[in-house]
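Participant: Here you go, this is data_22.txt (compact mmCIF, C-alpha atoms and all ligand atoms).
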# COMPACT_ATOMS: atom_id res chain seq x y z
CA MET A 1 194.48 28.31 -64.15
CA THR A 2 196.38 29.75 -61.19
CA ARG A 3 197.88 32.33 -63.54
CA ALA A 4 194.45 33.47 -64.75
CA HIS A 5 194.43 35.96 -61.91
CA LEU A 6 197.30 38.39 -61.60
CA VAL A 7 196.23 40.00 -58.34
CA GLU A 8 194.16 38.34 -55.71
CA ALA A 9 192.99 38.93 -52.13
CA ARG A 10 191.52 35.97 -50.28
CA ASP A 11 189.51 36.66 -47.16
CA VAL A 12 191.70 39.59 -46.16
CA ALA A 13 191.12 41.23 -42.79
CA LYS A 14 192.90 44.33 -41.56
CA SER A 15 192.27 46.46 -38.49
CA PHE A 16 193.77 49.71 -37.30
CA GLY A 17 193.70 49.44 -33.54
CA GLN A 18 190.04 48.78 -32.74
CA THR A 19 188.82 49.84 -36.19
CA PRO A 20 188.23 46.96 -38.59
CA ALA A 21 188.93 48.36 -42.06
CA LEU A 22 188.61 45.02 -43.89
CA ARG A 23 186.66 42.05 -42.53
CA GLY A 24 187.35 39.25 -44.99
CA ALA A 25 187.58 40.88 -48.40
CA SER A 26 188.18 38.79 -51.51
CA VAL A 27 188.85 39.94 -55.07
CA ALA A 28 190.47 38.26 -58.05
CA ILE A 29 191.76 40.43 -60.87
CA ARG A 30 192.77 39.03 -64.24
CA ALA A 31 195.89 40.06 -66.12
CA GLY A 32 195.16 42.98 -68.43
CA GLU A 33 191.89 43.79 -66.73
CA ILE A 34 190.83 47.29 -65.75
CA PHE A 35 189.21 46.77 -62.41
CA ALA A 36 187.39 49.33 -60.27
CA VAL A 37 186.62 49.27 -56.56
CA MET A 38 183.75 51.51 -55.49
CA GLY A 39 182.14 52.08 -52.13
CA PRO A 40 181.24 54.67 -49.55
CA SER A 41 183.83 56.69 -47.68
CA GLY A 42 185.50 54.66 -44.94
CA SER A 43 184.35 51.33 -46.37
CA GLY A 44 187.93 50.04 -46.75
CA LYS A 45 188.72 50.69 -50.43
CA SER A 46 192.12 52.27 -49.88
CA THR A 47 193.03 49.67 -47.28
CA LEU A 48 192.20 46.93 -49.80
CA LEU A 49 194.34 48.62 -52.44
CA HIS A 50 197.25 48.93 -50.00
CA CYS A 51 196.94 45.26 -49.06
CA LEU A 52 196.85 44.22 -52.75
CA ALA A 53 199.98 46.31 -53.39
CA GLY A 54 201.84 44.84 -50.44
CA ILE A 55 202.02 48.19 -48.65
CA PHE A 56 199.93 46.91 -45.73
CA ALA A 57 200.31 43.38 -44.40
CA PRO A 58 196.87 41.87 -43.71
CA ASP A 59 196.05 40.55 -40.22
CA ARG A 60 194.38 37.53 -41.80
CA GLY A 61 193.94 36.08 -45.28
CA GLU A 62 196.21 35.89 -48.29
CA VAL A 63 197.36 38.26 -51.00
CA TRP A 64 198.61 36.78 -54.24
CA PHE A 65 200.50 38.44 -57.05
CA ASP A 66 201.41 36.62 -60.26
CA GLY A 67 201.26 33.20 -58.64
CA GLU A 68 203.20 34.22 -55.50
CA ARG A 69 202.06 34.87 -51.95
CA LEU A 70 202.73 38.57 -51.45
CA ASP A 71 201.79 38.85 -47.78
CA THR A 72 204.38 36.31 -46.64
CA LEU A 73 207.24 37.73 -48.72
CA GLY A 74 210.05 39.46 -46.86
CA GLU A 75 210.12 43.26 -46.79
CA ALA A 76 213.07 43.46 -49.20
CA GLU A 77 211.35 41.28 -51.76
CA ARG A 78 208.08 43.19 -51.45
CA THR A 79 209.90 46.48 -51.92
CA ARG A 80 211.54 45.08 -55.03
CA LEU A 81 208.14 44.09 -56.44
CA ARG A 82 206.65 47.49 -55.64
CA ARG A 83 209.51 49.16 -57.46
CA THR A 84 209.58 46.97 -60.54
CA ALA A 85 206.15 45.43 -61.10
CA PHE A 86 203.78 48.02 -59.59
CA GLY A 87 202.98 51.55 -60.63
CA PHE A 88 201.05 53.92 -58.38
CA VAL A 89 198.76 56.87 -59.07
CA PHE A 90 197.29 58.59 -56.04
CA GLN A 91 195.12 61.62 -55.60
CA PHE A 92 197.96 63.75 -54.25
CA GLY A 93 201.49 63.70 -53.20
CA GLN A 94 203.37 61.08 -55.13
CA LEU A 95 205.39 63.61 -57.14
CA VAL A 96 208.37 65.53 -55.80
CA PRO A 97 207.29 69.16 -56.35
CA GLU A 98 210.84 70.58 -56.46
CA LEU A 99 211.82 68.25 -59.31
CA THR A 100 210.87 68.69 -62.97
CA ALA A 101 208.27 66.55 -64.69
CA ALA A 102 211.02 64.66 -66.52
CA ASP A 103 212.95 64.08 -63.24
CA ASN A 104 209.80 62.74 -61.58
CA VAL A 105 209.13 60.25 -64.37
CA ALA A 106 212.79 59.21 -64.64
CA LEU A 107 213.32 58.81 -60.90
CA PRO A 108 211.75 55.34 -60.41
CA LEU A 109 213.66 54.12 -63.47
CA LEU A 110 216.93 55.45 -62.04
CA LEU A 111 216.14 53.69 -58.74
CA ASN A 112 215.81 50.50 -60.78
CA ARG A 113 219.31 51.12 -62.16
CA VAL A 114 218.17 52.09 -65.62
CA ARG A 115 220.90 54.19 -67.27
CA ARG A 116 220.40 57.91 -67.04
CA ARG A 117 220.12 58.58 -70.76
CA VAL A 118 217.63 55.73 -71.23
CA ALA A 119 215.59 56.83 -68.22
CA TYR A 120 215.27 60.40 -69.50
CA GLY A 121 214.51 59.18 -73.02
CA THR A 122 211.70 56.99 -71.67
CA ALA A 123 210.41 59.90 -69.57
CA GLU A 124 210.27 62.13 -72.63
CA THR A 125 208.39 59.48 -74.61
CA TRP A 126 205.77 58.99 -71.92
CA LEU A 127 205.28 62.67 -71.24
CA GLY A 128 204.67 63.01 -74.98
CA ARG A 129 202.11 60.20 -74.99
CA LEU A 130 200.25 61.96 -72.21
CA GLY A 131 200.18 65.18 -74.21
CA ILE A 132 202.53 67.11 -71.92
CA GLY A 133 205.77 66.68 -73.84
CA ASP A 134 206.36 70.43 -73.54
CA LYS A 135 206.27 70.35 -69.73
CA GLY A 136 209.29 68.10 -69.16
CA ALA A 137 211.46 70.91 -67.81
CA ASN A 138 208.77 72.41 -65.53
CA ARG A 139 208.82 71.76 -61.82
CA THR A 140 205.77 69.65 -60.97
CA GLY A 141 204.92 71.95 -58.07
CA GLU A 142 204.19 74.61 -60.67
CA LEU A 143 201.96 72.48 -62.90
CA SER A 144 198.16 72.49 -62.85
CA GLY A 145 196.44 69.61 -61.06
CA GLY A 146 195.53 67.94 -64.34
CA GLU A 147 199.05 68.28 -65.73
CA ALA A 148 200.58 66.97 -62.51
CA GLN A 149 198.23 63.99 -62.57
CA ARG A 150 199.30 63.23 -66.13
CA VAL A 151 202.92 63.31 -64.97
CA ALA A 152 201.95 60.79 -62.28
CA VAL A 153 200.33 58.54 -64.91
CA ALA A 154 203.42 58.86 -67.13
CA ARG A 155 205.59 57.94 -64.15
CA ALA A 156 203.49 54.86 -63.41
CA LEU A 157 203.42 53.69 -67.04
CA ALA A 158 207.10 54.43 -67.80
CA LEU A 159 208.13 51.61 -65.48
CA ALA A 160 206.25 49.15 -67.72
CA PRO A 161 204.65 47.70 -64.59
CA LYS A 162 202.46 44.61 -64.58
CA VAL A 163 199.83 46.44 -62.59
CA ILE A 164 198.97 50.04 -61.79
CA PHE A 165 197.26 50.78 -58.49
CA ALA A 166 195.31 54.03 -58.62
CA ASP A 167 193.56 55.52 -55.60
CA GLU A 168 191.09 58.27 -56.56
CA PRO A 169 193.29 59.23 -59.52
CA THR A 170 190.91 62.01 -60.55
CA GLY A 171 189.82 63.01 -57.05
CA SER A 172 191.27 66.50 -57.20
CA LEU A 173 190.37 67.27 -60.82
CA ASP A 174 187.32 68.81 -62.49
CA SER A 175 185.25 66.41 -64.57
CA LEU A 176 186.68 67.35 -67.98
CA THR A 177 190.28 67.08 -66.76
CA GLY A 178 189.50 63.92 -64.86
CA GLU A 179 188.04 62.41 -68.00
CA LYS A 180 191.16 63.29 -69.98
CA VAL A 181 193.34 61.57 -67.36
CA MET A 182 191.10 58.49 -67.34
CA ASP A 183 190.96 58.37 -71.16
CA LEU A 184 194.77 58.41 -71.31
CA LEU A 185 195.37 56.07 -68.39
CA THR A 186 192.98 53.39 -69.65
CA ALA A 187 193.87 53.70 -73.35
CA LEU A 188 197.62 53.50 -72.71
CA ALA A 189 197.25 50.71 -70.14
CA ARG A 190 195.14 48.66 -72.56
CA GLU A 191 197.70 49.22 -75.28
CA ALA A 192 200.50 48.00 -73.01
CA GLY A 193 198.37 45.17 -71.57
CA THR A 194 198.83 46.61 -68.08
CA THR A 195 196.39 45.60 -65.38
CA VAL A 196 194.83 48.57 -63.58
CA VAL A 197 193.16 48.58 -60.18
CA ILE A 198 191.28 51.81 -59.56
CA VAL A 199 189.72 52.86 -56.27
CA THR A 200 187.07 55.52 -56.74
CA HIS A 201 183.77 56.73 -55.41
CA ASP A 202 183.05 58.31 -58.80
CA ALA A 203 180.78 56.17 -60.99
CA ARG A 204 182.00 57.91 -64.14
CA VAL A 205 185.55 56.79 -63.33
CA ALA A 206 184.38 53.27 -62.47
CA ALA A 207 182.56 53.14 -65.81
CA TYR A 208 185.95 52.93 -67.56
CA ALA A 209 186.56 49.56 -65.92
CA ASP A 210 185.86 46.13 -67.35
CA ARG A 211 184.65 45.04 -63.96
CA VAL A 212 183.42 46.88 -60.88
CA VAL A 213 183.11 45.64 -57.32
CA MET A 214 181.60 47.39 -54.35
CA VAL A 215 183.22 47.48 -50.93
CA ARG A 216 180.92 47.97 -47.98
CA ASP A 217 181.87 47.76 -44.31
CA GLY A 218 185.13 46.04 -45.13
CA LEU A 219 183.59 43.39 -47.35
CA VAL A 220 183.47 43.06 -51.12
CA SER A 221 179.93 42.65 -52.41
CA GLY A 222 179.63 39.74 -54.82
CA ASP A 223 176.75 41.20 -56.77
CA LEU A 224 178.55 43.92 -58.64
CA GLY A 225 181.36 41.50 -59.46
CA ALA A 226 178.82 39.36 -61.25
CA VAL A 227 177.62 42.41 -63.14
CA GLY A 228 181.16 43.01 -64.23
CA GLU A 229 181.28 39.45 -65.51
CA GLN A 230 178.24 40.27 -67.61
CA VAL A 231 179.94 43.37 -68.95
CA SER A 232 182.96 41.32 -69.98
CA ALA A 233 180.76 38.61 -71.44
CA ALA A 234 178.81 41.18 -73.43
CA LYS A 235 182.07 42.57 -74.79
CA ALA A 236 183.41 39.16 -75.71
CA GLY A 237 180.14 38.35 -77.43
CA ARG A 238 179.98 41.25 -79.81
CA MET B 1 148.09 52.12 -67.03
CA TYR B 2 150.99 54.35 -66.03
CA ILE B 3 150.83 57.42 -63.86
CA ASN B 4 154.09 59.32 -63.24
CA GLY B 5 155.82 56.43 -64.98
CA VAL B 6 154.58 53.95 -62.42
CA SER B 7 152.43 50.99 -63.40
CA VAL B 8 149.07 51.26 -61.61
CA PRO B 9 148.21 47.52 -61.72
CA LEU B 10 151.57 46.48 -60.29
CA THR B 11 151.43 49.13 -57.61
CA LEU B 12 147.90 48.08 -56.55
CA LEU B 13 149.01 44.44 -56.54
CA GLY B 14 151.95 45.39 -54.35
CA LEU B 15 149.67 47.21 -51.93
CA LEU B 16 147.36 44.19 -51.85
CA GLU B 17 150.23 41.94 -50.93
CA ARG B 18 150.30 43.59 -47.48
CA GLU B 19 146.78 42.40 -46.64
CA PRO B 20 143.41 41.88 -48.31
CA SER B 21 141.86 45.31 -48.85
CA HIS B 22 138.87 47.18 -50.17
CA GLY B 23 139.20 49.31 -53.26
CA TYR B 24 138.77 52.39 -51.10
CA ASP B 25 141.78 51.53 -48.93
CA LEU B 26 143.89 50.82 -51.99
CA LYS B 27 143.00 54.17 -53.54
CA ARG B 28 143.79 56.02 -50.31
CA ASP B 29 147.21 54.37 -49.93
CA TYR B 30 147.97 54.79 -53.61
CA ASP B 31 147.19 58.51 -53.44
CA THR B 32 149.20 58.91 -50.24
CA TYR B 33 152.37 57.18 -51.41
CA PHE B 34 152.38 57.26 -55.18
CA GLY B 35 149.85 59.86 -56.34
CA ARG B 36 152.20 62.85 -56.13
CA GLY B 37 149.23 65.17 -56.26
CA LYS B 38 147.37 63.18 -58.92
CA GLN B 39 144.55 61.14 -57.43
CA LEU B 40 143.72 57.74 -58.81
CA PRO B 41 140.05 57.79 -59.97
CA PHE B 42 137.83 55.21 -58.27
CA GLY B 43 136.77 54.01 -61.70
CA GLN B 44 140.34 53.15 -62.55
CA VAL B 45 140.84 51.33 -59.25
CA TYR B 46 137.87 49.06 -59.91
CA SER B 47 138.56 48.50 -63.60
CA THR B 48 142.16 47.61 -62.73
CA LEU B 49 141.08 45.26 -59.97
CA GLY B 50 138.58 43.71 -62.42
CA ARG B 51 141.32 43.02 -64.94
CA LEU B 52 143.63 41.66 -62.26
CA ALA B 53 140.83 39.32 -61.09
CA ARG B 54 140.18 38.19 -64.64
CA ASP B 55 143.90 37.40 -65.01
CA GLY B 56 143.90 35.43 -61.76
CA LYS B 57 146.20 37.81 -59.91
CA VAL B 58 143.67 38.86 -57.31
CA ALA B 59 140.67 37.06 -55.87
CA GLY B 60 137.47 39.09 -55.71
CA GLY B 61 136.58 37.75 -52.32
CA ARG B 62 133.24 37.72 -50.61
CA ALA B 63 130.93 40.65 -51.15
CA GLU B 64 129.97 42.06 -47.81
CA PRO B 65 126.39 43.10 -47.12
CA GLY B 66 125.40 46.36 -48.76
CA GLU B 67 125.72 47.76 -52.25
CA GLY B 68 128.34 48.94 -54.70
CA PRO B 69 131.80 47.72 -55.67
CA ASP B 70 133.29 48.89 -52.38
CA ARG B 71 131.68 45.95 -50.55
CA LYS B 72 134.26 43.64 -52.04
CA ARG B 73 137.45 42.74 -50.28
CA TYR B 74 140.25 41.79 -52.64
CA SER B 75 143.17 39.54 -51.88
CA ILE B 76 146.27 38.74 -53.87
CA THR B 77 146.77 35.27 -55.38
CA ASP B 78 150.01 33.33 -55.70
CA ALA B 79 150.20 34.40 -59.35
CA GLY B 80 149.82 38.02 -58.24
CA ARG B 81 152.53 37.63 -55.61
CA ALA B 82 154.85 36.14 -58.20
CA GLU B 83 154.20 39.09 -60.49
CA VAL B 84 155.04 41.64 -57.77
CA ASP B 85 158.20 39.73 -56.86
CA ALA B 86 159.35 39.61 -60.47
CA TRP B 87 158.66 43.31 -60.98
CA LEU B 88 160.50 44.40 -57.83
CA ALA B 89 163.48 42.17 -58.50
CA ASP B 90 163.86 43.13 -62.15
CA PRO B 91 165.97 46.29 -62.55
CA VAL B 92 164.33 49.16 -64.35
CA GLU B 93 165.71 49.91 -67.80
CA PRO B 94 168.36 52.50 -66.92
CA GLU B 95 167.29 55.80 -68.38
CA PRO B 96 167.02 59.33 -67.09
CA HIS B 97 164.09 60.50 -64.98
CA LEU B 98 163.16 57.21 -63.40
CA GLN B 99 163.24 58.54 -59.86
CA THR B 100 159.49 58.11 -59.39
CA ILE B 101 159.44 54.48 -60.39
CA LEU B 102 162.54 53.73 -58.35
CA PHE B 103 160.96 55.50 -55.41
CA ALA B 104 157.76 53.47 -55.79
CA LYS B 105 159.68 50.21 -55.94
CA VAL B 106 161.79 50.99 -52.89
CA THR B 107 158.76 52.13 -50.90
CA LEU B 108 156.74 49.05 -51.76
CA ALA B 109 159.65 46.72 -51.08
CA LEU B 110 160.01 48.25 -47.61
CA MET B 111 156.25 48.06 -46.96
CA LEU B 112 156.36 44.39 -47.83
CA GLY B 113 159.49 43.64 -45.84
CA LYS B 114 161.33 42.63 -48.99
CA PRO B 115 165.07 43.10 -49.55
CA ALA B 116 165.04 46.70 -50.79
CA ALA B 117 168.81 46.99 -50.33
CA ALA B 118 169.40 44.07 -52.67
CA TYR B 119 167.03 45.56 -55.26
CA LEU B 120 168.91 48.85 -55.09
CA ASP B 121 172.20 46.99 -55.51
CA ARG B 122 170.86 45.38 -58.67
CA GLN B 123 169.71 48.74 -59.94
CA ARG B 124 173.15 50.17 -59.21
CA SER B 125 174.69 47.32 -61.22
CA ALA B 126 172.38 47.95 -64.15
CA HIS B 127 173.28 51.63 -64.09
CA ILE B 128 177.01 51.03 -63.93
CA ARG B 129 176.77 48.53 -66.77
CA ARG B 130 174.97 51.10 -68.90
CA MET B 131 177.53 53.76 -67.94
CA HIS B 132 180.29 51.40 -69.02
CA GLN B 133 178.65 50.93 -72.43
CA LEU B 134 178.33 54.69 -72.85
CA THR B 135 181.95 55.21 -71.80
CA GLU B 136 183.05 52.66 -74.41
CA LEU B 137 180.94 54.50 -76.96
CA ARG B 138 182.63 57.79 -76.09
CA ARG B 139 186.06 56.27 -76.73
CA ASP B 140 185.96 56.39 -80.53
CA GLY B 141 182.82 58.43 -81.00
CA ALA B 142 182.42 61.68 -82.93
CA LEU B 143 182.10 64.76 -80.74
CA VAL B 144 178.31 64.86 -81.12
CA ASP B 145 178.06 61.26 -79.94
CA VAL B 146 180.47 61.97 -77.10
CA LEU B 147 178.33 64.89 -75.94
CA LEU B 148 175.12 62.86 -76.15
CA ALA B 149 176.75 60.04 -74.23
CA ASP B 150 177.94 62.59 -71.65
CA HIS B 151 174.39 63.83 -71.22
CA ALA B 152 173.16 60.33 -70.53
CA LEU B 153 176.14 59.63 -68.25
CA PHE B 154 175.45 62.67 -66.08
CA HIS B 155 171.80 61.68 -65.68
CA LEU B 156 172.70 58.13 -64.80
CA GLU B 157 175.26 59.45 -62.34
CA ALA B 158 172.55 61.56 -60.71
CA ASP B 159 170.32 58.47 -60.39
CA LEU B 160 173.24 56.60 -58.85
CA ARG B 161 173.76 59.29 -56.25
CA TRP B 162 170.10 59.01 -55.36
CA ILE B 163 170.43 55.23 -55.16
CA ASP B 164 173.45 55.56 -52.85
CA LEU B 165 171.74 58.08 -50.59
CA THR B 166 168.55 56.03 -50.45
CA SER B 167 170.53 52.86 -49.69
CA ALA B 168 172.03 54.69 -46.75
CA ARG B 169 168.57 55.80 -45.55
CA LEU B 170 166.56 52.61 -45.98
CA ALA B 171 166.08 52.14 -42.26
CA GLU B 172 164.70 55.67 -41.89
CA LEU B 173 162.37 55.22 -44.86
CA ALA B 174 161.21 51.82 -43.57
CA ALA B 175 160.24 53.44 -40.28
CA VAL B 176 158.05 55.90 -42.22
CA VAL B 177 156.30 53.53 -44.63
CA ASN B 178 156.23 50.36 -42.56
CA PRO B 179 156.23 51.40 -38.90
CA GLU B 180 155.07 47.99 -37.63
CA GLY B 181 158.01 46.27 -39.26
CA ALA B 182 158.09 43.69 -41.96
CA PRO B 183 154.85 41.73 -42.36
CA LYS B 184 156.64 38.65 -43.56
CA GLN B 185 160.13 37.18 -44.16
N1 LIG A 301 196.37 54.37 -41.26
C1 LIG A 301 195.22 54.25 -40.59
N2 LIG A 301 195.16 54.37 -39.26
C2 LIG A 301 194.00 54.23 -38.59
N3 LIG A 301 192.82 53.97 -39.18
C3 LIG A 301 192.80 53.86 -40.50
C4 LIG A 301 193.99 53.99 -41.28
N4 LIG A 301 193.65 53.81 -42.59
C5 LIG A 301 192.32 53.58 -42.62
N5 LIG A 301 191.80 53.61 -41.37
C6 LIG A 301 190.38 53.37 -41.01
O1 LIG A 301 189.94 52.21 -41.71
C7 LIG A 301 188.65 52.41 -42.27
C8 LIG A 301 188.72 52.22 -43.78
O2 LIG A 301 189.50 53.25 -44.34
P1 LIG A 301 189.88 53.39 -45.86
O3 LIG A 301 190.87 54.50 -45.99
O4 LIG A 301 190.28 52.08 -46.39
O5 LIG A 301 188.48 53.81 -46.47
P2 LIG A 301 188.12 54.29 -47.96
O6 LIG A 301 187.03 53.39 -48.42
O7 LIG A 301 189.33 54.39 -48.79
O8 LIG A 301 187.47 55.73 -47.70
P3 LIG A 301 187.58 57.10 -48.57
O9 LIG A 301 186.61 56.94 -49.70
O10 LIG A 301 187.10 58.14 -47.61
O11 LIG A 301 188.99 57.27 -49.00
C9 LIG A 301 188.21 53.79 -41.83
O12 LIG A 301 187.42 53.64 -40.68
C10 LIG A 301 189.51 54.50 -41.51
O13 LIG A 301 189.29 55.47 -40.51
MG MG A 302 190.38 56.01 -49.66
Would you kindly transcribe this structure into structure tokens?

Facilitator:
Amino acid sequence: MTRAHLVEARDVAKSFGQTPALRGASVAIRAGEIFAVMGPSGSGKSTLLHCLAGIFAPDRGEVWFDGERLDTLGEAERTRLRRTAFGFVFQFGQLVPELTAADNVALPLLLNRVRRRVAYGTAETWLGRLGIGDKGANRTGELSGGEAQRVAVARALALAPKVIFADEPTGSLDSLTGEKVMDLLTALAREAGTTVVIVTHDARVAAYADRVVMVRDGLVSGDLGAVGEQVSAAKAGR
Amino acid sequence: MYINGVSVPLTLLGLLEREPSHGYDLKRDYDTYFGRGKQLPFGQVYSTLGRLARDGKVAGGRAEPGEGPDRKRYSITDAGRAEVDAWLADPVEPEPHLQTILFAKVTLALMLGKPAAAYLDRQRSAHIRRMHQLTELRRDGALVDVLLADHALFHLEADLRWIDLTSARLAELAAVVNPEGAPKQ
């Protein structure tokens, strides 16, 4: 049963100086689940995501990934996990604007010592799946916001990660473009069996998830988690 | 039975839960908080109270000296209290244009010192669950179905924004509708 949850935070606390961002947050995310974290601005959503992804070390509590304690791993080992098992989609800034779309998608693969030809072949495939196969040679700095975000999703998925961490993945997009990105991200992740953790304040984005929790004042509210259970149960039952 | 989408009997029961009251006081508070420009006729107040008494949800109380129905002081029974509790705790069927009923529930919950924040959380959950179903529907739906689902999704999203804003302003609203603080709990 320990493997039932792929990603887990247990009673995680994290402060920045005097500011408590998390005050004992717990979540347990199953493998293959699309999981959304909602909550007001400043409630600690991004901090929780960063703790789950091993980017921040919690002050207290435990973070588990695939049956391993993540928070007590050494830096080198955590970096390896972030490069091989985790994909990231953020609102801005994770692409290198001077590089082409294909370069951006291939780059993490090259860092993982995938051979150049294979890396660029994979990049082309994923750009095609995201409907921007014709943009491979364009510099990402010159793409529209929606196109750039699709490159970011392609980059995250091309690694075949176990989990994708997305922080406001549609935050800078209009609703139609945001919907397109969410449609693609969730459909392709489901197809690949990839777990997705999405932080968003947008209910329409959260509605793509199998389960939704609410973060408030650095704590995860149990109530919405239970609702998510009902959503999953309803799905299983039909 | 319903005015502006709000159930009159349940609202009167809720008002009675604060303290035993005369029909006149109930009508005044109903008009102030829930009437939205439409007054509740006295006749409806007394016929509603009569039905509630028949069903054992209010007790007719002692008639005070004088004449007319207004001499009676009504009080809520345990069955009536249970009914108000169940109504407040049960999320409204998520559908567009339910602001008035949500507003009435939040206001009454605050008047009665009940956990309005928890009720709003449950409503938020019900809304998100419905939005999830509609999003699933959109996935393989024909364009017409997608557009209809979108329409519902935008309305539900608007409700949710209202729920979020109201959640953040519960203390302010409580100070308006229940200045003496919670009567119980
Ligand atoms: N790197 C940091 N240094 C200092 N304080 C921080 C840092 N990151 C977050 N905080 C503080 O921690 C609290 C939680 O921030 P966090 O970014 O997790 O919120 P959030 O829920 O993601 O908000 P938003 O919806 O606005 O992105 C806030 O008070 C924030 O100011
Ligand atoms: Mg954030």

Participant: Please tabulate, as CSV, the residues of chain A that come within 8 Å of ligand MG 302 (chain A), each with its closest pair of atoms and the distance in Å to one decimal, counting all atoms listed in the file and ordering rows by chain, then residue number upward.

Facilitator:
residue,atom,partner,partner_atom,distance
A:Ser41,CA,A:MG302,MG,6.9
A:Gly42,CA,A:MG302,MG,6.9
A:Gly44,CA,A:MG302,MG,7.1
A:Lys45,CA,A:MG302,MG,5.6
A:Ser46,CA,A:MG302,MG,4.1
A:Thr47,CA,A:MG302,MG,7.3
A:Asp167,CA,A:MG302,MG,6.8
A:Glu168,CA,A:MG302,MG,7.3
A:Val199,CA,A:MG302,MG,7.4
A:Thr200,CA,A:MG302,MG,7.8

Participant: Next, the residues of the selection above should be written as a short mmCIF file (atom, residue, chain, number, x, y, z; two decimals), keeping the file's coordinate frame with C-alpha atoms.

Facilitator:
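again_38.cif written:
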data_model
loop_
_atom_site.label_atom_id
_atom_site.label_comp_id
_atom_site.auth_asym_id
_atom_site.auth_seq_id
_atom_site.Cartn_x
_atom_site.Cartn_y
_atom_site.Cartn_z
CA SER A 41 183.83 56.69 -47.68
CA GLY A 42 185.50 54.66 -44.94
CA GLY A 44 187.93 50.04 -46.75
CA LYS A 45 188.72 50.69 -50.43
CA SER A 46 192.12 52.27 -49.88
CA THR A 47 193.03 49.67 -47.28
CA ASP A 167 193.56 55.52 -55.60
CA GLU A 168 191.09 58.27 -56.56
CA VAL A 199 189.72 52.86 -56.27
CA THR A 200 187.07 55.52 -56.74
#

Participant: Of the candidates B:Ile128, B:Ala117, B:Leu112, B:Val84, which shows the shortest atom-to-atom distance to chain A, using only C-alpha atoms?

Facilitator: B:Ile128

Participant: Could you tell me how far CA of His132 (chain B) lies from CA of Ala206 (chain A), in Å and to one decimal?

Facilitator: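 Spanning CA of His132 (chain B) to CA of Ala206 (chain A) is a straight-line distance of 7.9 Å.
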
Participant: Neighbouring residues of Leu48 (chain A) were defined as those with any atom within 12 Å, considering all atoms listed in the file; residues of the same chain fewer than 5 positions away were excluded. Please report them as an MDAnalysis selection string.

Facilitator: chainID A and resid 7:15 20:27 36:39 42:43 53:58 61:63 165:167 197:199 213:220

Participant: Kindly save the residues from that selection, with C-alpha atoms included, as an mmCIF file, in the coordinates of the input.

Facilitator:
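The resulting file, selection13.cif, is reproduced below:
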data_model
loop_
_atom_site.group_PDB
_atom_site.id
_atom_site.type_symbol
_atom_site.label_atom_id
_atom_site.label_comp_id
_atom_site.auth_asym_id
_atom_site.auth_seq_id
_atom_site.Cartn_x
_atom_site.Cartn_y
_atom_site.Cartn_z
ATOM 1 C CA VAL A 7 196.230 40.000 -58.340
ATOM 2 C CA GLU A 8 194.160 38.340 -55.710
ATOM 3 C CA ALA A 9 192.990 38.930 -52.130
ATOM 4 C CA ARG A 10 191.520 35.970 -50.280
ATOM 5 C CA ASP A 11 189.510 36.660 -47.160
ATOM 6 C CA VAL A 12 191.700 39.590 -46.160
ATOM 7 C CA ALA A 13 191.120 41.230 -42.790
ATOM 8 C CA LYS A 14 192.900 44.330 -41.560
ATOM 9 C CA SER A 15 192.270 46.460 -38.490
ATOM 10 C CA PRO A 20 188.230 46.960 -38.590
ATOM 11 C CA ALA A 21 188.930 48.360 -42.060
ATOM 12 C CA LEU A 22 188.610 45.020 -43.890
ATOM 13 C CA ARG A 23 186.660 42.050 -42.530
ATOM 14 C CA GLY A 24 187.350 39.250 -44.990
ATOM 15 C CA ALA A 25 187.580 40.880 -48.400
ATOM 16 C CA SER A 26 188.180 38.790 -51.510
ATOM 17 C CA VAL A 27 188.850 39.940 -55.070
ATOM 18 C CA ALA A 36 187.390 49.330 -60.270
ATOM 19 C CA VAL A 37 186.620 49.270 -56.560
ATOM 20 C CA MET A 38 183.750 51.510 -55.490
ATOM 21 C CA GLY A 39 182.140 52.080 -52.130
ATOM 22 C CA GLY A 42 185.500 54.660 -44.940
ATOM 23 C CA SER A 43 184.350 51.330 -46.370
ATOM 24 C CA ALA A 53 199.980 46.310 -53.390
ATOM 25 C CA GLY A 54 201.840 44.840 -50.440
ATOM 26 C CA ILE A 55 202.020 48.190 -48.650
ATOM 27 C CA PHE A 56 199.930 46.910 -45.730
ATOM 28 C CA ALA A 57 200.310 43.380 -44.400
ATOM 29 C CA PRO A 58 196.870 41.870 -43.710
ATOM 30 C CA GLY A 61 193.940 36.080 -45.280
ATOM 31 C CA GLU A 62 196.210 35.890 -48.290
ATOM 32 C CA VAL A 63 197.360 38.260 -51.000
ATOM 33 C CA PHE A 165 197.260 50.780 -58.490
ATOM 34 C CA ALA A 166 195.310 54.030 -58.620
ATOM 35 C CA ASP A 167 193.560 55.520 -55.600
ATOM 36 C CA VAL A 197 193.160 48.580 -60.180
ATOM 37 C CA ILE A 198 191.280 51.810 -59.560
ATOM 38 C CA VAL A 199 189.720 52.860 -56.270
ATOM 39 C CA VAL A 213 183.110 45.640 -57.320
ATOM 40 C CA MET A 214 181.600 47.390 -54.350
ATOM 41 C CA VAL A 215 183.220 47.480 -50.930
ATOM 42 C CA ARG A 216 180.920 47.970 -47.980
ATOM 43 C CA ASP A 217 181.870 47.760 -44.310
ATOM 44 C CA GLY A 218 185.130 46.040 -45.130
ATOM 45 C CA LEU A 219 183.590 43.390 -47.350
ATOM 46 C CA VAL A 220 183.470 43.060 -51.120
#

Participant: Kindly provide, as a PyMOL selection string, the residues of chain B having any atom no farther than 7 Å from an atom of chain A, counting only C-alpha atoms.

Facilitator: chain B and resi 125+128-129+131-132+135+157
